[in-house]
Amino acid sequence: MSFKSNYILDKLPEHLKQYIKPQNYEDYSPIDQAVWRYVMRKNVDYLSKVAHKSYLEGLNKTGISIDYIPNMYGMNRILKEIGWAAVAVDGFIPPSAFMEFQAYNVLVIASDIRQLEHIEYTPAPDIIHEGAGHAPIIANPEYAEYLRRFGEIGSKAISSAKDYELYEAVRHLSIIKEAEGTPQEEIDKAQKKIEDLQLNMGEPSEMALIRNLHWWTVEYGLIGTVDQPRIYGAGLLSSIGESAWCMTNKVKKIPYSIEAAHTSFDITQPQPQLFVTPDFAYLNQVLEEFANTMSLRRGGLSGLEKLINSKEMGTVELSTGLQISGHFESAIAHEGKPVYLQTKGNTALAYREKELIGHGIKQHPKGFGSPIGKLKGINLAIEDMSPRDLKAYKIYEGEVVELEFIGDIKVSGEIITGTRNLKGEIILITLTNCTVTHKEKVLFRPDWGLYHMAVGENIVSVFNGPADLQSFDLVTHKVTDTTIKSVKTEKRKQLEQLYKQVREFREGKNVTISRNKVFQEIKANHPEDWLLAVELYELAKNNDDISFAKELKAHLEALKHQKPQLGHLIDDGLGLVDKNLVI
């Protein structure tokens, strides 16, 4: 395995493990460590004033250091104390998989870290966003339960065919935007593709709507009152630029409600409005309200049609509890109700998320079709019939029957046996020499083998994914894009070495290093680098080396004039040092 497991990770199904990759801690450069330290020092200083109290408490509980990028093994040792775990992944993963991880109390952490050039914000998920944003807040039990429940419900949401296309486009943009040296025209082209897709998504799918809820809560949520909000969303907690921007009057604050599901977002821009929840418990209330609108709870023809249109694997659950999992191809409707459903390819039947013995994909490799509803002229549904009723209507072993369902579906053949659920209700009837028709159209022929007819008056639930995860081989994920690792130049390697020397001096590992010599190297060979000069300024101030501190400050002031866009970053770094910030 590419990760160190524990009792929480042991419960993950195999199809989720395919997304996990090793963290490779040794790949983090001294510059990466300095980026983490700068962002965390800045965040803790500012967020202690504006974040929900759970943030600072969670930093302590989860063992996340200000000075070092967190090691996943260390995080897991501490997270499991609160019933959670963390795994490393390569950037964005499909939304349904992301949410399913949450349902298993597993935090997905993109292990890469943003470039120094994107220190304030990156569209790519990174360890600052995940580790410093998501992880601390889950130490709050009510919020942790919201995350778990969100994952449980969200992973059942039905996608549209275009959702995956949008996911791929967003993943591609996040990769090339964070990659060093990507031509601007390539970034513009990728951004334009996302904009075009967003304008032509059609009716938003359940996944699109619940993804909006996720964005406006888990990623960009505020808590408290509209007049005095606090930050809890990971996107805000991990962005030193947007965490300050969001607290200004330029960002509209709206009381959180289910309307957030219908409010779209742009991942490439600062958010023009944010939603404020009064407390974490209210998040669960709105989530349940949204879940009541999903096919998961409503079922019916509309749910079946959503699943057919999604072209994704899903499950239909009938009123008897019988669950049919596969790719749904078509439905026949009558007076607004489904009267026949049909899958194509591998299909499995289950009851209470457990595959029915003898009804896996080996039994149903070419699809499964069945009528739904009541028999014509009989008020009593088959599932409600007592043994005496079944015998009276000749629904009995050895009987040759012609069952006519409402909606012109006819099933003719000899009954071999019936399968019952735990309540004693018939959920499946097997026939031989069977013909199934809809008006003049033949849906099943005797020479196709045994016919297994599902029993159920209604479709009570429709959801994404199989009922029993063991029924299908789900380890099929293919990544079209992977994170681009730039080849380091000799100049870059030299700069990393300078960062390493300064870190080792600060930590007392090597106090023989000449900090002045490092500074001269920066001026001569790396004049645009500002962060290492800020770190040297910190050391000079801490060692009461006033003249060296003045020299460094003058250099940084000159750099601000040359590169005005760096001004606030440099000022913030100097400000932290001048405050003599102790964390």
# chains A, B, ... in the order shown; residues from 1 in each chain; ligands from 1
$ residues_around --residues "Val511 in chain A" --least-positions-apart "4" --cutoff "12 Å" --atoms "only C-alpha atoms" --output "VMD selection string"
chain A and resid 501 to 507 515 539
$ atom_distance --atom1 "CA of Asn60 in chain A" --atom2 "CA of Pro141 in chain A"
15.0 Å
$ residues_around --residues "Met75 in chain A" --least-positions-apart "3" --cutoff "8 Å" --atoms "only C-alpha atoms" --output "JSON, numbers by chain"
{"A": [62, 63, 64, 70, 71, 72, 78, 79, 85, 86]}
$ select_by_dssp --residues "range 60-258 of chain A" --states "helix (DSSP H, G or I)" --output "PyMOL selection string"
chain A and resi 60-62+72-82+95-103+116-118+127-137+141-154+161-178+184-199+206-219+234-237+242-245+258
$ closest_residue --among "A:Ala524, A:Ala234, A:Ala540, A:Ile137" --to "Leu495 in chain A" --atoms "only C-alpha atoms"
A:Ala524
$ atom_distance --atom1 "CA of Ser239 in chain A" --atom2 "CA of Lys491 in chain A"
28.7 Å
$ residues_around --residues "range 381-394 of chain A" --least-positions-apart "6" --cutoff "10 Å" --atoms "only C-alpha atoms" --output "list in words"
Ser319, Thr320, Gly373, Lys374, Leu375, Val400, Val401, Glu402, Leu403, Ile415, Arg420, Gly424, Glu425, Ile426, Ile427, Leu428, Val455, Gly456, Glu457 and Asn458 of chain A
$ closest_residue --among "A:Lys541, A:Arg149, A:His452, A:Lys523" --to "Gln285 in chain A" --atoms "only C-alpha atoms"
A:Arg149
$ residues_around --residues "Gln565 in chain A" --least-positions-apart "4" --cutoff "12 Å" --atoms "only C-alpha atoms" --output "list in words"
Glu117, His118, Glu120, Glu528, Trp530, Leu559, Lys560, His561, Leu569, Ile570 and Asp571 of chain A
$ residues_around --residues "range 52-59 of chain A" --least-positions-apart "2" --cutoff "10 Å" --atoms "only C-alpha atoms" --output "number ranges by chain"
A: 44, 47-50, 61-66, 131-141, 143, 222-224, 229-234, 237
$ write_last_selection --atoms "N, CA, C and O atoms" --output "CSV table (one decimal), in the first residue's frame"
chain,number,residue,atom,x,y,z
A,44,VAL,N,-2.6,32.6,11.5
A,44,VAL,CA,-2.9,32.5,12.9
A,44,VAL,C,-3.0,33.9,13.5
A,44,VAL,O,-3.8,34.1,14.4
A,47,LEU,N,-6.4,35.2,11.8
A,47,LEU,CA,-7.6,34.4,12.0
A,47,LEU,C,-7.9,34.3,13.5
A,47,LEU,O,-9.1,34.0,13.8
A,48,SER,N,-7.0,34.5,14.4
A,48,SER,CA,-7.3,34.5,15.8
A,48,SER,C,-8.3,35.5,16.1
A,48,SER,O,-9.0,35.4,17.1
A,49,LYS,N,-8.4,36.6,15.3
A,49,LYS,CA,-9.4,37.7,15.5
A,49,LYS,C,-10.7,37.4,14.8
A,49,LYS,O,-11.8,37.9,15.2
A,50,VAL,N,-10.7,36.7,13.6
A,50,VAL,CA,-11.9,36.6,12.8
A,50,VAL,C,-12.4,35.2,12.6
A,50,VAL,O,-13.5,35.0,12.0
A,61,LYS,N,-5.5,20.6,18.7
A,61,LYS,CA,-6.0,19.2,18.8
A,61,LYS,C,-5.5,18.3,17.7
A,61,LYS,O,-5.2,17.1,17.9
A,62,THR,N,-5.3,18.9,16.5
A,62,THR,CA,-4.9,18.0,15.3
A,62,THR,C,-3.4,18.0,15.2
A,62,THR,O,-2.9,17.3,14.3
A,63,GLY,N,-2.7,18.8,16.0
A,63,GLY,CA,-1.2,18.7,16.0
A,63,GLY,C,-0.6,19.3,14.8
A,63,GLY,O,0.5,19.0,14.4
A,64,ILE,N,-1.3,20.3,14.1
A,64,ILE,CA,-0.7,20.9,13.0
A,64,ILE,C,0.2,22.0,13.4
A,64,ILE,O,-0.1,22.9,14.1
A,65,SER,N,1.5,21.9,12.9
A,65,SER,CA,2.5,22.9,13.3
A,65,SER,C,2.5,24.1,12.4
A,65,SER,O,2.1,24.1,11.3
A,66,ILE,N,2.9,25.2,13.1
A,66,ILE,CA,3.0,26.5,12.3
A,66,ILE,C,4.3,26.4,11.5
A,66,ILE,O,4.3,27.0,10.4
A,131,GLY,N,-4.9,20.9,4.8
A,131,GLY,CA,-4.3,20.7,6.1
A,131,GLY,C,-4.6,21.8,7.1
A,131,GLY,O,-4.9,21.6,8.3
A,132,ALA,N,-4.4,23.0,6.6
A,132,ALA,CA,-4.6,24.2,7.5
A,132,ALA,C,-6.0,24.7,7.5
A,132,ALA,O,-6.4,25.5,8.4
A,133,GLY,N,-6.8,24.3,6.5
A,133,GLY,CA,-8.1,24.8,6.4
A,133,GLY,C,-9.1,23.8,6.9
A,133,GLY,O,-9.9,24.1,7.9
A,134,HIS,N,-9.2,22.6,6.3
A,134,HIS,CA,-10.2,21.7,6.7
A,134,HIS,C,-9.9,21.0,8.1
A,134,HIS,O,-10.8,20.9,8.9
A,135,ALA,N,-8.7,20.6,8.2
A,135,ALA,CA,-8.4,19.7,9.4
A,135,ALA,C,-8.7,20.3,10.7
A,135,ALA,O,-9.3,19.6,11.6
A,136,PRO,N,-8.3,21.6,11.0
A,136,PRO,CA,-8.6,22.1,12.4
A,136,PRO,C,-10.0,22.1,12.7
A,136,PRO,O,-10.4,21.9,13.9
A,137,ILE,N,-10.9,22.5,11.8
A,137,ILE,CA,-12.3,22.6,12.1
A,137,ILE,C,-13.0,21.3,12.5
A,137,ILE,O,-14.0,21.3,13.2
A,138,ILE,N,-12.5,20.2,11.9
A,138,ILE,CA,-13.2,18.9,12.2
A,138,ILE,C,-13.0,18.5,13.6
A,138,ILE,O,-13.6,17.5,14.1
A,139,ALA,N,-12.2,19.2,14.4
A,139,ALA,CA,-12.1,18.9,15.8
A,139,ALA,C,-13.3,19.3,16.5
A,139,ALA,O,-13.6,18.8,17.7
A,140,ASN,N,-14.2,20.1,15.9
A,140,ASN,CA,-15.5,20.5,16.5
A,140,ASN,C,-16.5,19.3,16.2
A,140,ASN,O,-16.7,19.0,15.0
A,141,PRO,N,-17.0,18.6,17.2
A,141,PRO,CA,-17.8,17.4,16.9
A,141,PRO,C,-19.1,17.7,16.1
A,141,PRO,O,-19.4,16.9,15.2
A,143,TYR,N,-19.5,20.0,13.8
A,143,TYR,CA,-19.1,20.2,12.4
A,143,TYR,C,-18.6,19.0,11.7
A,143,TYR,O,-18.8,18.7,10.6
A,222,LEU,N,-19.3,31.3,6.5
A,222,LEU,CA,-19.2,32.1,7.6
A,222,LEU,C,-20.2,31.7,8.7
A,222,LEU,O,-21.2,31.1,8.3
A,223,ILE,N,-19.9,32.0,9.9
A,223,ILE,CA,-20.8,31.6,11.0
A,223,ILE,C,-21.0,32.7,12.0
A,223,ILE,O,-20.1,33.5,12.2
A,224,GLY,N,-22.1,32.8,12.6
A,224,GLY,CA,-22.4,33.8,13.6
A,224,GLY,C,-23.6,34.7,13.1
A,224,GLY,O,-24.7,34.1,12.7
A,229,PRO,N,-19.9,38.2,11.5
A,229,PRO,CA,-19.6,36.8,11.1
A,229,PRO,C,-18.2,36.4,11.5
A,229,PRO,O,-17.3,37.2,11.7
A,230,ARG,N,-18.0,35.1,11.6
A,230,ARG,CA,-16.7,34.5,11.8
A,230,ARG,C,-16.4,33.5,10.7
A,230,ARG,O,-17.4,33.0,10.1
A,231,ILE,N,-15.2,33.2,10.4
A,231,ILE,CA,-14.8,32.3,9.3
A,231,ILE,C,-14.7,30.9,9.8
A,231,ILE,O,-14.1,30.6,10.9
A,232,TYR,N,-15.3,30.0,9.0
A,232,TYR,CA,-15.0,28.5,9.3
A,232,TYR,C,-14.7,27.8,8.0
A,232,TYR,O,-14.2,26.6,8.0
A,233,GLY,N,-15.0,28.3,6.8
A,233,GLY,CA,-14.8,27.7,5.5
A,233,GLY,C,-13.3,27.5,5.2
A,233,GLY,O,-12.5,28.5,5.4
A,234,ALA,N,-12.9,26.3,4.8
A,234,ALA,CA,-11.5,26.1,4.5
A,234,ALA,C,-10.8,26.9,3.4
A,234,ALA,O,-9.7,27.3,3.5
A,237,LEU,N,-10.1,30.1,5.3
A,237,LEU,CA,-9.0,29.9,6.3
A,237,LEU,C,-7.7,29.7,5.7
A,237,LEU,O,-6.6,30.0,6.4
$ closest_residue --among "A:Ala190, A:Val108, A:Ile8, A:Ile128" --to "Ile240 in chain A" --atoms "only C-alpha atoms"
A:Ile128
$ residues_around --residues "Tyr7 in chain A" --least-positions-apart "6" --cutoff "10 Å" --atoms "only C-alpha atoms" --output "JSON, numbers by chain"
{"A": [80, 83, 84, 85]}
$ write_last_selection --atoms "C-alpha atoms" --output "mmCIF file, in the first residue's frame"
data_model
loop_
_atom_site.group_PDB
_atom_site.id
_atom_site.type_symbol
_atom_site.label_atom_id
_atom_site.label_comp_id
_atom_site.auth_asym_id
_atom_site.auth_seq_id
_atom_site.Cartn_x
_atom_site.Cartn_y
_atom_site.Cartn_z
ATOM 1 C CA LYS A 80 -7.797 9.094 14.938
ATOM 2 C CA GLY A 83 -12.419 9.428 14.955
ATOM 3 C CA TRP A 84 -10.976 10.772 11.695
ATOM 4 C CA ALA A 85 -8.076 10.069 9.354
#
$ atom_distance --atom1 "CA of Lys439 in chain A" --atom2 "CA of Lys376 in chain A"
13.9 Å
